[in-house]
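Have a look at protein-v4.json below; it lists JSON, C-alpha atoms and all ligand atoms.
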```
[["chain", "number", "residue", "atom", "x", "y", "z"],
["A", 1, "MET", "CA", 12.66, -10.79, -8.90],
["A", 2, "THR", "CA", 11.82, -7.15, -8.70],
["A", 3, "THR", "CA", 9.26, -7.29, -11.48],
["A", 4, "ILE", "CA", 6.66, -8.93, -9.23],
["A", 5, "SER", "CA", 4.33, -6.46, -7.57],
["A", 6, "PRO", "CA", 4.53, -7.16, -3.84],
["A", 7, "LEU", "CA", 1.46, -8.48, -2.03],
["A", 8, "ILE", "CA", 0.70, -7.52, 1.55],
["A", 9, "ALA", "CA", -2.04, -9.79, 2.86],
["A", 10, "GLY", "CA", -3.61, -9.55, 6.29],
["A", 11, "ASN", "CA", -4.71, -12.79, 7.91],
["A", 12, "TRP", "CA", -7.25, -11.92, 10.57],
["A", 13, "LYS", "CA", -7.43, -15.56, 11.68],
["A", 14, "MET", "CA", -10.35, -16.14, 14.11],
["A", 15, "ASN", "CA", -10.68, -12.45, 14.90],
["A", 16, "GLY", "CA", -13.25, -9.98, 13.71],
["A", 17, "LEU", "CA", -16.88, -9.05, 14.29],
["A", 18, "THR", "CA", -18.95, -6.59, 12.34],
["A", 19, "HIS", "CA", -17.42, -3.69, 14.29],
["A", 20, "SER", "CA", -14.02, -4.72, 12.89],
["A", 21, "LEU", "CA", -15.23, -3.35, 9.58],
["A", 22, "GLU", "CA", -14.40, 0.06, 11.04],
["A", 23, "GLU", "CA", -10.73, -0.95, 10.73],
["A", 24, "LEU", "CA", -11.35, -1.88, 7.11],
["A", 25, "ALA", "CA", -12.95, 1.50, 6.51],
["A", 26, "GLU", "CA", -10.02, 3.22, 8.22],
["A", 27, "LEU", "CA", -7.54, 1.26, 6.09],
["A", 28, "ALA", "CA", -9.47, 2.27, 2.98],
["A", 29, "ARG", "CA", -9.28, 5.91, 4.10],
["A", 30, "LEU", "CA", -5.53, 5.69, 4.66],
["A", 31, "LEU", "CA", -4.96, 3.95, 1.33],
["A", 32, "THR", "CA", -6.94, 6.44, -0.69],
["A", 33, "ALA", "CA", -5.71, 9.55, 1.14],
["A", 34, "GLY", "CA", -2.01, 9.15, 0.39],
["A", 35, "ALA", "CA", 0.06, 8.08, -2.59],
["A", 36, "ALA", "CA", -1.09, 4.87, -4.27],
["A", 37, "PRO", "CA", 0.37, 1.88, -2.42],
["A", 38, "ARG", "CA", 3.21, 0.06, -4.13],
["A", 39, "ALA", "CA", 1.77, -3.27, -3.04],
["A", 40, "VAL", "CA", -1.31, -5.27, -3.84],
["A", 41, "VAL", "CA", -3.32, -5.26, -0.61],
["A", 42, "ALA", "CA", -5.56, -8.06, 0.59],
["A", 43, "ILE", "CA", -7.46, -8.88, 3.77],
["A", 44, "CYS", "CA", -8.35, -12.45, 4.68],
["A", 45, "PRO", "CA", -11.08, -12.05, 7.30],
["A", 46, "PRO", "CA", -13.05, -14.85, 8.94],
["A", 47, "ALA", "CA", -15.58, -16.41, 6.57],
["A", 48, "THR", "CA", -18.43, -14.58, 8.29],
["A", 49, "LEU", "CA", -17.06, -11.26, 7.04],
["A", 50, "LEU", "CA", -15.67, -12.34, 3.70],
["A", 51, "ALA", "CA", -18.49, -11.17, 1.43],
["A", 52, "ILE", "CA", -18.75, -7.82, 3.14],
["A", 53, "VAL", "CA", -14.97, -7.27, 3.09],
["A", 54, "ALA", "CA", -14.91, -8.15, -0.61],
["A", 55, "ALA", "CA", -17.71, -5.67, -1.30],
["A", 56, "GLN", "CA", -16.50, -2.85, 0.93],
["A", 57, "GLY", "CA", -12.83, -3.20, -0.02],
["A", 58, "ALA", "CA", -13.47, -2.98, -3.74],
["A", 59, "SER", "CA", -13.72, 0.81, -3.96],
["A", 60, "SER", "CA", -10.32, 1.29, -2.31],
["A", 61, "GLY", "CA", -8.56, -1.56, -4.09],
["A", 62, "ILE", "CA", -8.45, -3.84, -1.05],
["A", 63, "LEU", "CA", -8.81, -7.44, -2.24],
["A", 64, "ALA", "CA", -10.32, -10.19, -0.13],
["A", 65, "GLY", "CA", -9.24, -13.73, 0.59],
["A", 66, "GLY", "CA", -10.52, -16.74, 2.48],
["A", 67, "GLN", "CA", -8.47, -18.46, 5.18],
["A", 68, "ASP", "CA", -9.17, -22.04, 4.09],
["A", 69, "CYS", "CA", -11.35, -23.99, 1.70],
["A", 70, "HIS", "CA", -12.55, -27.55, 1.36],
["A", 71, "MET", "CA", -11.02, -29.64, -1.40],
["A", 72, "ALA", "CA", -14.43, -30.70, -2.75],
["A", 73, "ALA", "CA", -16.63, -28.45, -4.84],
["A", 74, "SER", "CA", -19.77, -29.16, -2.82],
["A", 75, "GLY", "CA", -21.44, -31.86, -0.81],
["A", 76, "ALA", "CA", -22.07, -33.23, 2.65],
["A", 77, "HIS", "CA", -19.31, -31.44, 4.60],
["A", 78, "THR", "CA", -21.06, -29.64, 7.41],
["A", 79, "GLY", "CA", -19.29, -26.49, 8.47],
["A", 80, "ASP", "CA", -16.90, -26.40, 5.55],
["A", 81, "ILE", "CA", -16.67, -23.84, 2.77],
["A", 82, "SER", "CA", -15.78, -24.59, -0.83],
["A", 83, "ALA", "CA", -13.40, -22.61, -2.99],
["A", 84, "GLY", "CA", -16.33, -21.80, -5.27],
["A", 85, "MET", "CA", -18.20, -20.24, -2.36],
["A", 86, "ILE", "CA", -15.18, -18.10, -1.54],
["A", 87, "ALA", "CA", -14.90, -17.00, -5.17],
["A", 88, "ASP", "CA", -18.62, -16.27, -5.16],
["A", 89, "THR", "CA", -18.13, -13.61, -2.47],
["A", 90, "GLY", "CA", -15.86, -11.68, -4.81],
["A", 91, "ALA", "CA", -12.68, -12.80, -3.06],
["A", 92, "GLN", "CA", -9.58, -13.44, -5.15],
["A", 93, "PHE", "CA", -7.34, -15.35, -2.76],
["A", 94, "VAL", "CA", -7.54, -18.19, -0.31],
["A", 95, "ILE", "CA", -4.91, -19.22, 2.23],
["A", 96, "VAL", "CA", -4.28, -22.97, 2.25],
["A", 97, "GLY", "CA", -2.01, -25.02, 4.48],
["A", 98, "HIS", "CA", -1.52, -22.43, 7.20],
["A", 99, "SER", "CA", 0.51, -24.04, 9.98],
["A", 100, "GLU", "CA", -2.41, -23.51, 12.38],
["A", 101, "ARG", "CA", -4.59, -25.66, 10.11],
["A", 102, "ARG", "CA", -1.82, -28.19, 9.56],
["A", 103, "ALA", "CA", -1.56, -28.47, 13.36],
["A", 104, "ASP", "CA", -5.19, -28.05, 14.48],
["A", 105, "HIS", "CA", -6.78, -30.07, 11.67],
["A", 106, "ASN", "CA", -4.00, -32.51, 10.80],
["A", 107, "GLU", "CA", -3.75, -31.16, 7.28],
["A", 108, "THR", "CA", -1.08, -33.00, 5.31],
["A", 109, "ASP", "CA", 0.72, -31.81, 2.19],
["A", 110, "ASP", "CA", -1.68, -33.98, 0.13],
["A", 111, "VAL", "CA", -4.67, -32.23, 1.67],
["A", 112, "VAL", "CA", -3.12, -28.82, 1.16],
["A", 113, "ARG", "CA", -2.34, -29.61, -2.48],
["A", 114, "ALA", "CA", -5.92, -30.76, -3.07],
["A", 115, "LYS", "CA", -7.22, -27.53, -1.54],
["A", 116, "ALA", "CA", -4.87, -25.47, -3.70],
["A", 117, "GLU", "CA", -6.14, -27.37, -6.74],
["A", 118, "ALA", "CA", -9.73, -26.67, -5.72],
["A", 119, "ALA", "CA", -8.88, -22.99, -5.30],
["A", 120, "ILE", "CA", -7.33, -22.79, -8.76],
["A", 121, "GLY", "CA", -10.32, -24.62, -10.18],
["A", 122, "ALA", "CA", -12.61, -21.97, -8.70],
["A", 123, "GLY", "CA", -10.53, -19.16, -10.16],
["A", 124, "LEU", "CA", -8.87, -18.20, -6.87],
["A", 125, "LYS", "CA", -5.17, -17.64, -6.23],
["A", 126, "PRO", "CA", -4.11, -19.96, -3.41],
["A", 127, "ILE", "CA", -1.64, -18.62, -0.85],
["A", 128, "ILE", "CA", 0.16, -21.85, 0.00],
["A", 129, "CYS", "CA", 1.84, -21.75, 3.42],
["A", 130, "VAL", "CA", 5.00, -23.59, 4.41],
["A", 131, "GLY", "CA", 7.37, -23.29, 7.35],
["A", 132, "GLU", "CA", 9.44, -25.22, 9.84],
["A", 133, "THR", "CA", 8.98, -25.65, 13.58],
["A", 134, "GLU", "CA", 11.59, -24.43, 16.02],
["A", 135, "ALA", "CA", 12.78, -28.00, 16.67],
["A", 136, "GLN", "CA", 13.24, -28.55, 12.95],
["A", 137, "ARG", "CA", 15.25, -25.33, 12.60],
["A", 138, "ASP", "CA", 17.38, -26.23, 15.62],
["A", 139, "ALA", "CA", 18.06, -29.61, 14.02],
["A", 140, "GLY", "CA", 19.26, -27.89, 10.84],
["A", 141, "GLU", "CA", 16.29, -29.22, 8.89],
["A", 142, "ALA", "CA", 14.49, -25.98, 8.05],
["A", 143, "GLU", "CA", 15.28, -25.90, 4.33],
["A", 144, "SER", "CA", 14.65, -29.60, 3.78],
["A", 145, "VAL", "CA", 11.34, -29.48, 5.66],
["A", 146, "VAL", "CA", 10.19, -26.49, 3.62],
["A", 147, "ALA", "CA", 11.38, -28.12, 0.38],
["A", 148, "ALA", "CA", 9.31, -31.21, 1.15],
["A", 149, "GLN", "CA", 6.27, -29.07, 1.96],
["A", 150, "LEU", "CA", 6.68, -27.18, -1.31],
["A", 151, "ALA", "CA", 7.02, -30.41, -3.30],
["A", 152, "GLY", "CA", 3.94, -31.88, -1.66],
["A", 153, "SER", "CA", 1.70, -28.84, -1.35],
["A", 154, "ILE", "CA", 2.05, -27.04, -4.68],
["A", 155, "PRO", "CA", -0.13, -28.57, -7.39],
["A", 156, "ASP", "CA", 1.15, -29.08, -10.94],
["A", 157, "ALA", "CA", -1.52, -26.61, -12.01],
["A", 158, "ALA", "CA", 0.77, -23.88, -10.62],
["A", 159, "GLU", "CA", 2.57, -24.14, -13.94],
["A", 160, "GLN", "CA", -0.42, -22.51, -15.68],
["A", 161, "HIS", "CA", -2.12, -20.62, -12.87],
["A", 162, "GLU", "CA", -1.11, -18.02, -10.32],
["A", 163, "VAL", "CA", -0.18, -19.26, -6.88],
["A", 164, "VAL", "CA", 1.46, -17.44, -3.99],
["A", 165, "ILE", "CA", 3.87, -19.07, -1.54],
["A", 166, "ALA", "CA", 4.01, -17.89, 2.07],
["A", 167, "TYR", "CA", 7.04, -18.84, 4.16],
["A", 168, "GLU", "CA", 5.94, -18.71, 7.78],
["A", 169, "PRO", "CA", 8.32, -20.23, 10.31],
["A", 170, "VAL", "CA", 5.96, -21.73, 12.88],
["A", 171, "TRP", "CA", 8.04, -20.45, 15.80],
["A", 172, "ALA", "CA", 7.81, -16.86, 14.55],
["A", 173, "ILE", "CA", 4.01, -16.78, 14.35],
["A", 174, "GLY", "CA", 2.47, -14.66, 17.07],
["A", 175, "THR", "CA", 5.65, -14.76, 19.15],
["A", 176, "GLY", "CA", 7.28, -11.45, 18.31],
["A", 177, "ARG", "CA", 10.36, -13.40, 17.21],
["A", 178, "THR", "CA", 11.60, -13.48, 13.63],
["A", 179, "PRO", "CA", 14.48, -15.21, 11.88],
["A", 180, "THR", "CA", 17.50, -13.01, 11.14],
["A", 181, "LEU", "CA", 17.38, -11.11, 7.86],
["A", 182, "GLU", "CA", 20.10, -13.48, 6.62],
["A", 183, "ASP", "CA", 18.02, -16.52, 7.51],
["A", 184, "ILE", "CA", 14.97, -15.10, 5.75],
["A", 185, "ALA", "CA", 17.09, -14.32, 2.68],
["A", 186, "ALA", "CA", 18.54, -17.82, 2.67],
["A", 187, "MET", "CA", 15.15, -19.50, 2.98],
["A", 188, "HIS", "CA", 13.51, -17.36, 0.30],
["A", 189, "ALA", "CA", 16.44, -18.03, -2.07],
["A", 190, "SER", "CA", 16.08, -21.73, -1.36],
["A", 191, "ILE", "CA", 12.33, -21.58, -2.08],
["A", 192, "ARG", "CA", 12.97, -19.69, -5.33],
["A", 193, "SER", "CA", 15.48, -22.29, -6.41],
["A", 194, "ARG", "CA", 13.02, -25.14, -5.69],
["A", 195, "LEU", "CA", 10.40, -23.32, -7.76],
["A", 196, "GLU", "CA", 12.93, -22.91, -10.57],
["A", 197, "GLY", "CA", 13.75, -26.59, -10.43],
["A", 198, "ARG", "CA", 10.12, -27.53, -10.77],
["A", 199, "PHE", "CA", 8.66, -24.84, -13.01],
["A", 200, "GLY", "CA", 11.68, -23.37, -14.80],
["A", 201, "ALA", "CA", 13.41, -20.08, -14.09],
["A", 202, "ASP", "CA", 11.07, -17.88, -16.13],
["A", 203, "HIS", "CA", 7.89, -19.05, -14.49],
["A", 204, "ALA", "CA", 9.44, -19.31, -11.03],
["A", 205, "ALA", "CA", 10.44, -15.65, -11.28],
["A", 206, "THR", "CA", 6.75, -14.69, -11.46],
["A", 207, "ILE", "CA", 5.69, -16.49, -8.28],
["A", 208, "ARG", "CA", 5.37, -14.32, -5.19],
["A", 209, "ILE", "CA", 7.08, -15.61, -2.06],
["A", 210, "LEU", "CA", 5.67, -13.86, 1.03],
["A", 211, "TYR", "CA", 7.24, -13.79, 4.48],
["A", 212, "GLY", "CA", 4.96, -14.25, 7.48],
["A", 213, "GLY", "CA", 5.59, -14.45, 11.22],
["A", 214, "SER", "CA", 5.61, -11.44, 13.56],
["A", 215, "MET", "CA", 5.85, -8.95, 10.71],
["A", 216, "LYS", "CA", 5.30, -5.57, 12.37],
["A", 217, "PRO", "CA", 5.60, -1.87, 11.52],
["A", 218, "GLN", "CA", 9.03, -1.98, 13.21],
["A", 219, "ASN", "CA", 10.57, -4.74, 11.07],
["A", 220, "ALA", "CA", 8.58, -4.63, 7.84],
["A", 221, "ARG", "CA", 10.90, -2.31, 5.96],
["A", 222, "ASP", "CA", 13.97, -4.46, 6.55],
["A", 223, "ILE", "CA", 12.19, -7.73, 5.78],
["A", 224, "LEU", "CA", 10.44, -6.44, 2.66],
["A", 225, "ALA", "CA", 13.76, -5.17, 1.28],
["A", 226, "ILE", "CA", 15.22, -8.69, 1.19],
["A", 227, "GLU", "CA", 15.70, -10.20, -2.24],
["A", 228, "ASN", "CA", 13.05, -12.82, -3.06],
["A", 229, "VAL", "CA", 10.68, -11.45, -0.43],
["A", 230, "ASN", "CA", 7.70, -10.40, -2.52],
["A", 231, "GLY", "CA", 5.44, -9.24, 0.28],
["A", 232, "GLY", "CA", 4.10, -10.34, 3.61],
["A", 233, "LEU", "CA", 1.39, -12.40, 5.23],
["A", 234, "VAL", "CA", 0.57, -10.46, 8.36],
["A", 235, "GLY", "CA", -1.39, -11.76, 11.34],
["A", 236, "GLY", "CA", -1.67, -9.67, 14.49],
["A", 237, "ALA", "CA", -0.46, -6.44, 12.94],
["A", 238, "SER", "CA", -3.16, -6.60, 10.26],
["A", 239, "LEU", "CA", -5.94, -6.16, 12.84],
["A", 240, "LEU", "CA", -5.22, -2.47, 13.33],
["A", 241, "ALA", "CA", -5.54, -0.34, 10.20],
["A", 242, "LYS", "CA", -2.76, 2.01, 11.29],
["A", 243, "ASP", "CA", -0.22, -0.77, 11.80],
["A", 244, "PHE", "CA", -1.20, -2.60, 8.63],
["A", 245, "TYR", "CA", -1.00, 0.60, 6.63],
["A", 246, "THR", "CA", 2.49, 1.26, 7.99],
["A", 247, "ILE", "CA", 3.55, -2.19, 6.78],
["A", 248, "ILE", "CA", 1.98, -1.59, 3.35],
["A", 249, "SER", "CA", 3.80, 1.74, 3.17],
["A", 250, "ALA", "CA", 7.10, 0.01, 3.95],
["A", 251, "VAL", "CA", 7.06, -1.62, 0.50],
["A", 301, "LIG", "P1", 1.57, -12.99, 13.17],
["A", 301, "LIG", "O1", 1.86, -11.86, 12.22],
["A", 301, "LIG", "O2", 0.53, -12.66, 14.19],
["A", 301, "LIG", "O3", 2.82, -13.56, 13.74],
["A", 301, "LIG", "O4", 0.90, -14.16, 12.28],
["A", 301, "LIG", "C1", 1.51, -14.54, 11.11],
["A", 301, "LIG", "C2", 0.61, -15.46, 10.39],
["A", 301, "LIG", "O5", 0.42, -16.59, 10.81],
["A", 301, "LIG", "C3", -0.04, -14.98, 9.17],
["A", 301, "LIG", "O6", -0.67, -16.00, 8.49]]
```

Please re-express this file's structure in structure tokens.
Amino acid sequence: MTTISPLIAGNWKMNGLTHSLEELAELARLLTAGAAPRAVVAICPPATLLAIVAAQGASSGILAGGQDCHMAASGAHTGDISAGMIADTGAQFVIVGHSERRADHNETDDVVRAKAEAAIGAGLKPIICVGETEAQRDAGEAESVVAAQLAGSIPDAAEQHEVVIAYEPVWAIGTGRTPTLEDIAAMHASIRSRLEGRFGADHAATIRILYGGSMKPQNARDILAIENVNGGLVGGASLLAKDFYTIISAV
């Protein structure tokens, strides 16, 4: 699967004020000062900063992404943001189905799939998140839980349009804990094989599968070297330009 250019995406979650743009500027400096990065780089800031990140990142090749979108194109949904609005900022990606949204907002696979469809319809590339809880892993259900999430969350439109999958074990997010390299390899191989079963080997080979969950400068090189790991979705370590750049450089 080495033909896919890796994607390193930073998910700022509910962090970031205008002064955080200094980190973006520092990241841009680091990226343009050294050798060209071997990864596609994206930042998914809070919606309040999305347009400015999209505009300011452009000159250094930093792409922008939203963290969520509504499934409808427009309408009476106070506080929500449509995929078209995200695309309108100049962003190229949108995260859908992050475990924090599945948990905090009761988002089901059906909801996540509808959001991914809306994203594709607006010309965005959805980053569709899946991942098991610690209890599910302990019960030996990790691969079956993720397989069910993939089946339910990926729209059929993924056959014709680019989507990104992010495997984020819930228990590894923000905890400093990660699965073993063997466990990551096994899960990513399992995801690839589910994608092959649904979309055929040729198309499945073009779909990026990111790892997310406590990816740090210290472990990025080992994780990113695993077969079928086509990049990372980075939370905490994406907030500091220096750390995020180290992860990008680990590709
Ligand atoms: P952390 O890197 O902070 O564990 O977060 C991962 C994540 O949830 C990215 O979407």

To box segment 17-27 of chain A, take all atoms listed in the file, fit an axis-aligned box, add 8 Å on each side, and give centre and edge lengths in Å to one decimal, as lines of an AutoDock Vina configuration file.
```
center_x = -13.2
center_y = -2.9
center_z = 10.2
size_x = 27.4
size_y = 28.3
size_z = 24.2
```

Q. Which residues, written as a PyMOL selection string, have at least one atom at most 9 Å from Met187 of chain A, with all atoms listed in the file counted and residues fewer than 5 positions away on the same chain left out?
A. chain A and resi 142-143+146+167+182+192

Q: May I ask for the distance between atom CA of Asp104 of chain A and atom CA of Val170 of chain A, given in Å to one decimal place?
A: 12.9 Å

**Q.** Å distance separating atom CA of Lys115 of chain A from atom CA of Arg208 of chain A, one decimal place
**A.** 18.6 Å

(Q) For segment 34-40 of chain A, find every residue with an atom within 6 Å (counting only C-alpha atoms), except residues of its own chain fewer than 2 positions away, and show them as a PyMOL selection string. (A) chain A and resi 6-7+32

Q) Neighbours of ligand LIG 301 (chain A) within 9 Å, counting all atoms listed in the file, as a PyMOL selection string? A) chain A and resi 9-13+67+95+98-100+129+166+168-178+211-216+232-238

Q) In Å, how far is it from atom CA of Arg101 of chain A to atom CA of Asp138 of chain A? A) 22.7 Å

(Q) Give me the residues near Ala220 of chain A as a list in words, where near means some atom within 9 Å (using all atoms listed in the file) and where sequence neighbours in that chain fewer than 6 positions away do not count. (A) Gly232, Thr246, Ile247, Ile248, Ala250 and Val251 of chain A

Q. Which residue, A:Leu150, A:Met14, A:Ala103, A:Leu210, has the smallest gap to Val130 of chain A when you use all atoms listed in the file?
A.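 Comparing A:Leu150, A:Met14, A:Ala103, A:Leu210 against Val130 of chain A, the winner is A:Leu150.
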
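With all atoms listed in the file as the atoms that count, the minimum distance from Ala91 of chain A to the choices A:Leu50, A:Ala73, A:Ala25, A:Ile4 is reached by A:Leu50.
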
(Q) Using all atoms listed in the file, can you tell me which of A:Ala51, A:Ala64, A:Leu27, A:Gly123 comes closest to Phe244 of chain A? (A)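 Smallest distance to Phe244 of chain A is found for A:Leu27.
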
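Proximity ranking of A:Leu30, A:Leu63, A:Ile209, A:Ala87 relative to Ile191 of chain A places A:Ile209 first, based on only C-alpha atoms.
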